[in-house]
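Peer 1: The following block contains the structure, expressed as structure tokens.
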Amino acid sequence: MVLDSKRNRVDFILDPTARLLRNVSPNTISSLALVIAVLASLMLFFSDQWHLLLILAALTVLVSGFFDGLDGKVARLSGKASKKGDFVDHVLDRYADVLLIGSVAISSWCNPVIGIVAIVGVLLTSYMGTQAQAVGAGRHYGGILGRADRMVLMIAMPILQYVLLTTGSSSLDLVVIQTNFLEIMMIWFAVVGNITALQRAWTTYRVLK
């Protein structure tokens with residue numbers, strides 16, 4: 001599932017909104033996306049106590065992702081695109097990633113070891129993408145698990161977990177282990193995130209001289 005290459009399919013929503021917000025600083029929009037991600041992370045952490053927070057968290061992640069995709073478009077439309085703005089956007093994105101995934105990692109939904117490996121995988125994936133650009137190979141968005149994929153899973157899995165809870169069960173019996181949809185998401189991030197990081201590292205290494 002690689003959705004980063006499909007981002008232009010939501011341009012019909014982002015472009016009109018970007019035109020409306022062209023007088024707003026792109027950094028302000030990036031910061032707003034982070035603030036909303038903080039709210040989503042708090043909802044995810046406390047969702048084991050109030051299950052409706054799973055649905056609210058999913059919607060909040062969606063809004064955060066929307067603003068995250070909007071800042072770059074506003075910057076280009078308003079002529080404010082710059083290396084400094086791009087750097088700020090990446091810094092705030094990484095904080096958002098750690099907060100969202102970290103909130104699940106330290107919650108009762110997930111084994112903390114799985115959570116740590118998931119955070120490592122996600123951060124290394126992002127690092128390999130920008131490191132490729134740093135060594136002159138161009139920014140690398142390839143691999144199995146991109147940021148858009150992670151955002152979709154962070155919207156879908158809390159909703160699925162809420163649906164599961166409505167059946168009277170909080171976990172899935174997979175014969176060898178008992179788990180839940182949020183932990184399955186984290187296992188995916190842990191395994192596929194690290195595979196993606198290695199994919200990007202290998203692809204970059206091959207094009208270097």
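In the structure tokens, the first chain shown is A, the next is B, and so on; residue numbers restart at 1 for each chain, and ligands run from 1 in the order shown.
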Among stretch 19-54 of chain A, which ones does DSSP place in alpha helix (DSSP H), written as a PDB file with C-alpha atoms, in the first residue's frame?

Peer 2:
```pdb
ATOM      1  CA  ARG A  19      -6.403  29.617  -2.619  1.00  0.00           C
ATOM      2  CA  LEU A  20      -8.646  30.722   0.241  1.00  0.00           C
ATOM      3  CA  PRO A  26       2.521  28.322   5.546  1.00  0.00           C
ATOM      4  CA  ASN A  27       4.409  27.934   8.841  1.00  0.00           C
ATOM      5  CA  THR A  28       1.207  28.808  10.695  1.00  0.00           C
ATOM      6  CA  ILE A  29      -0.608  26.043   8.838  1.00  0.00           C
ATOM      7  CA  SER A  30       2.222  23.597   9.593  1.00  0.00           C
ATOM      8  CA  SER A  31       2.051  24.547  13.268  1.00  0.00           C
ATOM      9  CA  LEU A  32      -1.716  24.112  13.298  1.00  0.00           C
ATOM     10  CA  ALA A  33      -1.300  20.618  11.846  1.00  0.00           C
ATOM     11  CA  LEU A  34       1.063  19.784  14.721  1.00  0.00           C
ATOM     12  CA  VAL A  35      -1.316  21.173  17.366  1.00  0.00           C
ATOM     13  CA  ILE A  36      -4.137  19.055  15.955  1.00  0.00           C
ATOM     14  CA  ALA A  37      -1.817  16.024  15.935  1.00  0.00           C
ATOM     15  CA  VAL A  38      -1.121  16.651  19.631  1.00  0.00           C
ATOM     16  CA  LEU A  39      -4.867  16.576  20.316  1.00  0.00           C
ATOM     17  CA  ALA A  40      -5.197  13.346  18.329  1.00  0.00           C
ATOM     18  CA  SER A  41      -2.336  11.753  20.258  1.00  0.00           C
ATOM     19  CA  LEU A  42      -3.991  12.600  23.591  1.00  0.00           C
ATOM     20  CA  MET A  43      -7.256  11.108  22.369  1.00  0.00           C
ATOM     21  CA  LEU A  44      -5.490   7.919  21.297  1.00  0.00           C
ATOM     22  CA  PHE A  45      -3.715   7.593  24.625  1.00  0.00           C
ATOM     23  CA  PHE A  46      -6.895   7.965  26.690  1.00  0.00           C
ATOM     24  CA  LEU A  52     -15.578   7.214  21.676  1.00  0.00           C
ATOM     25  CA  LEU A  53     -12.189   8.932  21.621  1.00  0.00           C
ATOM     26  CA  LEU A  54     -11.134   6.356  19.015  1.00  0.00           C
TER      27      LEU A  54
END
```

Peer 1: Show me, as an NGL selection string, the residues that have an atom within 10 Å of A:Ile119 when counting only C-alpha atoms, minus same-chain residues fewer than 6 positions from it.

Peer 2: :A and (97-102 or 105 or 125 or 186 or 189-190 or 193-194)

Peer 1: Please compute the atom CA of A:Leu70-atom CA of A:His140 distance, one decimal, in Å.

Peer 2: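 Atom CA of A:His140 lies at a distance of 20.3 Å from atom CA of A:Leu70.
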
Peer 1: Mind checking which residues fall within 8 Å of stretch 13-15 of chain A, counting only C-alpha atoms, ignoring those fewer than 3 positions away in the same chain, and posting them as a ChimeraX atom specification?

Peer 2: /A:10,18-19,66,69-70,73

Peer 1: Give the answer as one residue: which of A:Ile177, A:Leu145, A:Ile184, A:Val163 has the shortest atom-to-atom distance to A:Gly129, using only C-alpha atoms?

Peer 2: A:Leu145
